[in-house]
>>> print(open('input-v6.txt').read())   # compact mmCIF, C-alpha atoms and all ligand atoms
# COMPACT_ATOMS: atom_id res chain seq x y z
CA MET E 1 -63.46 -1.46 120.49
CA ARG E 2 -60.45 0.71 119.68
CA VAL E 3 -60.61 4.39 118.88
CA ALA E 4 -58.05 6.47 116.96
CA LEU E 5 -57.59 10.16 116.18
CA VAL E 6 -55.63 10.94 113.00
CA SER E 7 -54.41 14.45 112.14
CA GLY E 8 -53.92 15.45 108.53
CA ALA E 9 -56.55 12.92 107.50
CA SER E 10 -57.91 14.96 104.60
CA ARG E 11 -55.40 13.57 102.08
CA GLY E 12 -52.09 11.81 101.55
CA ILE E 13 -50.58 9.67 104.30
CA GLY E 14 -53.14 10.66 106.94
CA GLU E 15 -56.05 9.65 104.73
CA ALA E 16 -54.37 6.28 104.06
CA ILE E 17 -53.79 5.75 107.79
CA ALA E 18 -57.41 6.61 108.61
CA ARG E 19 -58.69 4.23 105.94
CA ALA E 20 -56.41 1.42 107.13
CA LEU E 21 -57.37 1.83 110.78
CA HIS E 22 -61.07 1.95 109.91
CA GLY E 23 -60.59 -1.18 107.81
CA LYS E 24 -59.17 -2.93 110.88
CA GLY E 25 -62.21 -2.03 112.93
CA TYR E 26 -60.98 1.12 114.64
CA ARG E 27 -63.42 3.97 115.18
CA VAL E 28 -61.59 6.95 113.69
CA GLY E 29 -61.67 10.67 114.28
CA LEU E 30 -60.42 12.72 111.32
CA LEU E 31 -58.73 16.07 111.98
CA ALA E 32 -57.60 18.58 109.32
CA ARG E 33 -58.62 22.01 108.07
CA ASP E 34 -60.32 21.01 104.81
CA GLU E 35 -63.81 20.40 106.10
CA GLY E 36 -65.21 19.31 102.73
CA ARG E 37 -62.65 16.54 102.26
CA LEU E 38 -63.01 15.38 105.86
CA GLN E 39 -66.80 15.20 105.66
CA ALA E 40 -66.59 13.34 102.34
CA LEU E 41 -64.16 10.78 103.79
CA ALA E 42 -66.24 10.34 106.95
CA ALA E 43 -69.35 9.82 104.81
CA GLU E 44 -67.54 7.32 102.58
CA LEU E 45 -66.22 5.32 105.54
CA GLY E 46 -69.65 5.44 107.16
CA GLU E 47 -70.22 4.11 110.65
CA GLY E 48 -67.26 4.57 112.95
CA ALA E 49 -65.80 7.66 111.29
CA LEU E 50 -66.22 11.22 112.56
CA ALA E 51 -64.89 14.44 111.04
CA PHE E 52 -63.40 17.12 113.29
CA PRO E 53 -62.45 20.07 111.11
CA GLY E 54 -59.65 21.92 112.86
CA ASP E 55 -56.11 23.21 112.90
CA VAL E 56 -53.34 21.32 114.72
CA ARG E 57 -51.95 24.67 115.89
CA SER E 58 -55.04 25.13 118.07
CA LEU E 59 -55.26 23.31 121.40
CA ALA E 60 -59.01 24.03 121.43
CA ASP E 61 -59.43 22.22 118.10
CA TRP E 62 -57.57 19.18 119.45
CA GLN E 63 -59.64 19.24 122.63
CA ARG E 64 -62.86 19.40 120.61
CA ALA E 65 -61.82 16.30 118.65
CA VAL E 66 -60.80 14.34 121.74
CA ALA E 67 -64.00 15.32 123.55
CA GLY E 68 -66.07 14.34 120.51
CA LEU E 69 -64.50 10.88 120.38
CA LEU E 70 -64.92 10.36 124.13
CA GLN E 71 -68.53 11.40 123.85
CA ALA E 72 -69.20 9.11 120.89
CA TYR E 73 -67.15 6.07 121.90
CA GLY E 74 -66.06 6.58 125.51
CA ARG E 75 -62.34 6.06 124.91
CA LEU E 76 -59.25 6.95 122.87
CA ASP E 77 -56.58 4.32 122.18
CA LEU E 78 -54.42 5.80 119.46
CA LEU E 79 -53.30 9.30 118.51
CA VAL E 80 -51.63 9.63 115.11
CA ASN E 81 -49.76 12.92 114.77
CA ASN E 82 -49.45 13.01 111.01
CA ALA E 83 -50.37 16.54 109.83
CA GLY E 84 -47.38 18.42 108.50
CA ILE E 85 -46.17 20.94 105.95
CA GLY E 86 -42.99 21.16 103.93
CA LEU E 87 -40.91 24.15 102.95
CA GLN E 88 -37.65 24.16 101.04
CA LYS E 89 -35.75 27.46 101.17
CA PRO E 90 -32.15 28.43 101.85
CA ILE E 91 -31.51 30.31 105.10
CA SER E 92 -30.79 33.49 103.12
CA GLU E 93 -34.40 33.50 101.85
CA LEU E 94 -36.15 31.92 104.83
CA SER E 95 -38.14 34.44 106.88
CA GLU E 96 -38.75 34.29 110.61
CA GLU E 97 -42.46 33.95 109.91
CA GLU E 98 -41.91 30.96 107.61
CA LEU E 99 -39.70 29.21 110.17
CA ARG E 100 -42.28 29.77 112.91
CA GLN E 101 -45.07 28.52 110.66
CA VAL E 102 -43.32 25.22 109.93
CA LEU E 103 -42.38 24.73 113.60
CA ASP E 104 -45.94 25.56 114.67
CA VAL E 105 -47.54 22.91 112.46
CA ASN E 106 -44.89 20.17 112.55
CA LEU E 107 -43.60 20.48 116.13
CA VAL E 108 -46.03 22.45 118.31
CA GLY E 109 -49.01 20.74 116.62
CA PRO E 110 -48.03 17.22 117.76
CA PHE E 111 -47.24 18.58 121.24
CA LEU E 112 -50.74 20.06 121.48
CA GLY E 113 -52.25 16.81 120.22
CA LEU E 114 -50.40 14.88 122.89
CA LYS E 115 -51.46 17.35 125.59
CA ALA E 116 -55.11 17.11 124.56
CA ALA E 117 -55.14 13.31 124.23
CA LEU E 118 -52.93 12.38 127.18
CA PRO E 119 -55.60 11.97 129.91
CA ALA E 120 -57.60 9.65 127.64
CA LEU E 121 -54.46 7.76 126.56
CA LEU E 122 -53.36 7.28 130.18
CA ALA E 123 -56.80 5.86 130.92
CA SER E 124 -56.71 3.44 127.97
CA LYS E 125 -52.96 2.70 128.13
CA GLY E 126 -52.92 3.91 124.58
CA THR E 127 -50.37 4.65 121.87
CA VAL E 128 -49.10 7.79 120.15
CA VAL E 129 -47.68 7.42 116.65
CA ASN E 130 -45.82 10.41 115.21
CA ILE E 131 -45.10 10.68 111.52
CA GLY E 132 -41.63 12.18 111.52
CA SER E 133 -39.27 11.94 108.60
CA LEU E 134 -35.79 10.80 107.66
CA ALA E 135 -35.32 14.58 107.40
CA GLY E 136 -35.53 14.45 111.21
CA LYS E 137 -32.13 12.75 111.21
CA ASN E 138 -30.48 13.98 108.01
CA ALA E 139 -30.22 17.68 107.24
CA PHE E 140 -30.32 18.76 103.60
CA LYS E 141 -29.65 22.02 101.78
CA GLY E 142 -32.76 24.17 101.85
CA GLY E 143 -34.20 22.08 104.66
CA ALA E 144 -33.54 24.42 107.61
CA ALA E 145 -37.18 24.91 108.61
CA TYR E 146 -38.34 21.37 107.83
CA ASN E 147 -35.23 19.74 109.31
CA ALA E 148 -35.58 21.81 112.48
CA SER E 149 -39.22 20.80 112.87
CA LYS E 150 -38.60 17.08 112.31
CA PHE E 151 -35.37 16.92 114.37
CA GLY E 152 -37.33 18.72 117.09
CA LEU E 153 -40.22 16.28 116.84
CA LEU E 154 -37.85 13.37 117.49
CA GLY E 155 -36.45 15.13 120.57
CA LEU E 156 -39.85 16.07 121.92
CA MET E 157 -41.36 12.66 121.39
CA GLY E 158 -38.20 10.82 122.46
CA ALA E 159 -38.53 12.46 125.87
CA ALA E 160 -42.26 11.74 125.91
CA MET E 161 -41.55 8.09 125.10
CA LEU E 162 -39.23 7.74 128.10
CA GLU E 163 -41.64 9.55 130.43
CA LEU E 164 -44.86 7.85 129.39
CA ARG E 165 -43.78 4.23 128.91
CA GLU E 166 -43.74 3.85 132.71
CA GLU E 167 -47.40 4.79 132.70
CA GLY E 168 -48.33 2.36 129.95
CA VAL E 169 -48.51 4.84 127.07
CA ARG E 170 -46.31 3.92 124.11
CA VAL E 171 -44.85 6.67 121.92
CA VAL E 172 -43.76 5.60 118.45
CA ASN E 173 -41.85 7.65 115.86
CA ILE E 174 -42.12 6.55 112.24
CA LEU E 175 -39.58 8.15 109.91
CA PRO E 176 -40.50 7.72 106.25
CA GLY E 177 -38.35 8.66 103.29
CA SER E 178 -40.07 9.94 100.15
CA VAL E 179 -43.76 9.07 99.99
CA ASP E 180 -45.86 9.47 96.86
CA THR E 181 -48.24 12.26 97.90
CA GLY E 182 -48.80 15.85 96.90
CA PHE E 183 -46.71 16.97 99.90
CA ALA E 184 -45.09 20.40 99.43
CA GLY E 185 -46.40 20.62 95.87
CA ASN E 186 -44.86 17.31 94.71
CA ALA E 187 -46.39 15.70 91.63
CA VAL E 188 -48.09 12.40 92.44
CA GLY E 189 -47.22 9.22 90.52
CA ALA E 190 -43.54 8.51 91.23
CA SER E 191 -43.44 4.73 91.35
CA TRP E 192 -40.03 4.53 93.10
CA LYS E 193 -41.41 6.26 96.20
CA LEU E 194 -43.15 4.67 99.15
CA SER E 195 -46.93 4.50 98.91
CA PRO E 196 -49.01 6.15 101.64
CA LEU E 197 -50.31 2.60 102.18
CA ASP E 198 -46.81 1.53 103.28
CA VAL E 199 -46.78 4.16 106.01
CA ALA E 200 -50.30 3.12 107.06
CA GLN E 201 -49.08 -0.48 107.33
CA ALA E 202 -46.20 0.64 109.55
CA VAL E 203 -48.62 2.51 111.82
CA LEU E 204 -50.78 -0.59 112.15
CA PHE E 205 -47.73 -2.76 112.84
CA ALA E 206 -46.58 -0.52 115.68
CA ALA E 207 -50.06 0.00 117.11
CA GLU E 208 -50.91 -3.70 117.07
CA MET E 209 -47.77 -4.90 118.83
CA PRO E 210 -48.49 -6.67 122.10
CA GLU E 211 -48.78 -4.23 124.99
CA ARG E 212 -45.34 -5.27 126.31
CA ALA E 213 -43.58 -4.30 123.07
CA LEU E 214 -42.76 -0.70 122.14
CA VAL E 215 -41.62 0.12 118.60
CA SER E 216 -40.00 3.39 119.62
CA GLU E 217 -38.64 4.29 116.19
CA MET E 218 -39.03 2.96 112.68
CA GLU E 219 -37.15 4.17 109.57
CA LEU E 220 -39.06 3.40 106.40
CA ARG E 221 -37.22 3.92 103.14
CA PRO E 222 -38.13 3.34 99.51
CA THR E 223 -36.15 0.33 98.32
CA HIS E 224 -34.99 2.24 95.25
CA THR E 225 -33.60 5.75 94.98
CA ALA E 226 -34.92 8.45 92.67
CA PRO E 227 -34.12 7.85 88.99
CA LYS E 228 -31.53 10.24 87.56
CA GLY E 229 -33.11 13.51 86.45
CA GLY E 230 -36.38 12.80 88.27
N1 LIG K 301 -44.66 12.82 101.45
C1 LIG K 301 -43.44 12.58 101.89
O1 LIG K 301 -42.50 12.36 101.10
C2 LIG K 301 -43.16 12.52 103.36
C3 LIG K 301 -41.97 11.92 103.79
C4 LIG K 301 -41.69 11.84 105.15
C5 LIG K 301 -42.60 12.36 106.05
N2 LIG K 301 -43.74 12.96 105.63
C6 LIG K 301 -44.64 13.51 106.64
O2 LIG K 301 -45.90 12.87 106.52
C7 LIG K 301 -46.92 13.74 107.00
C8 LIG K 301 -48.07 13.77 106.00
O3 LIG K 301 -47.57 14.25 104.76
P1 LIG K 301 -48.26 13.94 103.35
O4 LIG K 301 -47.20 13.49 102.45
O5 LIG K 301 -49.49 13.11 103.52
O6 LIG K 301 -48.65 15.45 102.93
P2 LIG K 301 -50.00 16.06 102.33
O7 LIG K 301 -50.57 15.16 101.29
O8 LIG K 301 -49.65 17.48 101.97
O9 LIG K 301 -50.99 16.07 103.57
C9 LIG K 301 -50.74 16.89 104.68
C10 LIG K 301 -51.92 16.78 105.63
O10 LIG K 301 -51.65 17.63 106.76
C11 LIG K 301 -52.78 18.45 106.97
N3 LIG K 301 -52.41 19.72 107.57
C12 LIG K 301 -51.47 20.61 107.13
N4 LIG K 301 -51.45 21.68 107.93
C13 LIG K 301 -52.40 21.47 108.89
C14 LIG K 301 -52.87 22.24 109.99
N5 LIG K 301 -52.36 23.44 110.31
N6 LIG K 301 -53.85 21.72 110.77
C15 LIG K 301 -54.40 20.52 110.46
N7 LIG K 301 -54.00 19.75 109.44
C16 LIG K 301 -53.00 20.24 108.66
C17 LIG K 301 -53.41 18.63 105.60
O11 LIG K 301 -54.80 18.90 105.71
P3 LIG K 301 -55.50 20.33 105.50
O12 LIG K 301 -54.72 21.06 104.45
O13 LIG K 301 -56.90 19.95 105.10
O14 LIG K 301 -55.45 20.99 106.84
C18 LIG K 301 -53.23 17.24 105.02
O15 LIG K 301 -54.26 16.38 105.41
C19 LIG K 301 -46.25 15.09 107.27
O16 LIG K 301 -45.99 15.23 108.65
C20 LIG K 301 -44.94 14.98 106.49
O17 LIG K 301 -43.93 15.79 107.07
C21 LIG K 301 -44.05 13.05 104.30
>>> encode(input="input-v6.txt", output="structure tokens")
Amino acid sequence: MRVALVSGASRGIGEAIARALHGKGYRVGLLARDEGRLQALAAELGEGALAFPGDVRSLADWQRAVAGLLQAYGRLDLLVNNAGIGLQKPISELSEEELRQVLDVNLVGPFLGLKAALPALLASKGTVVNIGSLAGKNAFKGGAAYNASKFGLLGLMGAAMLELREEGVRVVNILPGSVDTGFAGNAVGASWKLSPLDVAQAVLFAAEMPERALVSEMELRPTHTAPKGG
């Protein structure tokens, strides 16, 4: 039996990852703030899915989810740090509060998830998959807060990867380009973008590698670029 905890599982990429893992036989813990959506997804998936309403900025919420999974299933094999928010604003308009908010969710959140899950992952020789972004390598105008958070995530988790591999815990960074979700108020339905299912497939690929193989970083781009004017 393998057990996973997925943050940001209430919609978008996280929901697709949770569904894919459950479909492969993982027991899944779902973490996000929207309790209604989490409970509905857990009920739909049925046996082997548990909802843990919570905020990734709270260590206590992470600890509650990890403890709940250990109590229910006795182990944790996979942490997926997926929850994230977007914000596009030029520096001249970006407030300190907005910068801190994006860093708190996208950078401190995954750190807290790793802290909460680490004892269980060391015990299971488990895997951490972080959903970064190509915006973690390429800055763009208006991207100061988001770029900082995703560049930071790569640094944080790059160090964690080097530290934890010796102890049998694999840390994986997946860097998608544009994915067709409602992220940051985007309209859904752009066929040129990646599907959330593509990111879920990448997570499964990395997680299911033989124990000796560590996919430390994966860039996942849409094959086509955005059509002109859209
Ligand atoms: N869509 C893209 O083009 C794209 C590209 C590259 C990378 N990414 C990354 O992929 C990840 C998922 O994005 P998405 O496209 O699936 O966006 P989404 O549809 O907006 O989903 C974001 C998820 O994060 C959760 N979340 C946000 N703040 C949270 C908080 N404080 N605590 C707990 N959960 C929180 C949301 O749940 P609640 O609101 O219920 O809490 C939701 O489940 C993000 O890290 C994003 O940066 C997205």
>>> residues_around(input="input-v6.txt", residues="segment 174-190 of chain E", least_positions_apart="3", cutoff="9 Å", atoms="only C-alpha atoms", output="ChimeraX atom specification")
/E:11-13,84-88,129-137,193-196,198-199,202-203,216-222,226,230
>>> axis_aligned_box(input="input-v6.txt", around="ligand LIG 301 (chain K)", padding_each_side="6 Å", output="AutoDock Vina command-line options")
--center_x -49.3 --center_y 17.6 --center_z 105.9 --size_x 27.2 --size_y 23.6 --size_z 21.7
>>> closest_residue(input="input-v6.txt", among="E:Ala51, E:Leu107, E:Ala4, E:Ile17", to="Thr127 of chain E", atoms="only C-alpha atoms")
E:Ala4
>>> closest_residue(input="input-v6.txt", among="E:Glu44, E:Glu15, E:Glu211, E:Asp55", to="ligand LIG 301 (chain K)", atoms="all atoms listed in the file")
E:Asp55
>>> atom_distance(input="input-v6.txt", atom1="atom CA of Ala200 of chain E", atom2="atom CA of Asn106 of chain E")
18.7 Å
>>> closest_residue(input="input-v6.txt", among="E:Gly23, E:Gly68, E:Pro90, E:Pro53", to="ligand LIG 301 (chain K)", atoms="all atoms listed in the file")
E:Pro53
>>> closest_residue(input="input-v6.txt", among="E:Arg165, E:Arg2, E:Arg64, E:Arg19", to="Ala116 of chain E", atoms="all atoms listed in the file")
E:Arg64
>>> atom_distance(input="input-v6.txt", atom1="atom CA of Glu93 of chain E", atom2="atom C12 of ligand LIG 301 (chain K)")
22.0 Å
>>> atom_distance(input="input-v6.txt", atom1="atom CA of Asp104 of chain E", atom2="atom CA of Leu21 of chain E")
26.6 Å
>>> residues_around(input="input-v6.txt", residues="Arg37 of chain E", least_positions_apart="5", cutoff="9 Å", atoms="only C-alpha atoms", output="list in words")
Ala9, Ser10, Arg11, Ala32 and Ala42 of chain E
>>> closest_residue(input="input-v6.txt", among="E:Lys24, E:Lys150, E:Arg75, E:Lys89", to="ligand LIG 301 (chain K)", atoms="all atoms listed in the file")
E:Lys150
>>> residues_near_point(input="input-v6.txt", point="(-46.7, -3.0, 120.5)", cutoff="12 Å", atoms="only C-alpha atoms", output="ChimeraX atom specification")
/E:78,125-129,165,168-172,202-217
>>> closest_residue(input="input-v6.txt", among="E:Tyr146, E:Asn138, E:Tyr26, E:Leu76", to="ligand LIG 301 (chain K)", atoms="all atoms listed in the file")
E:Tyr146
>>> residues_near_point(input="input-v6.txt", point="(-72.3, 6.5, 113.5)", cutoff="12 Å", atoms="all atoms listed in the file", output="number ranges by chain")
E: 27-29, 42-51, 69, 72-73
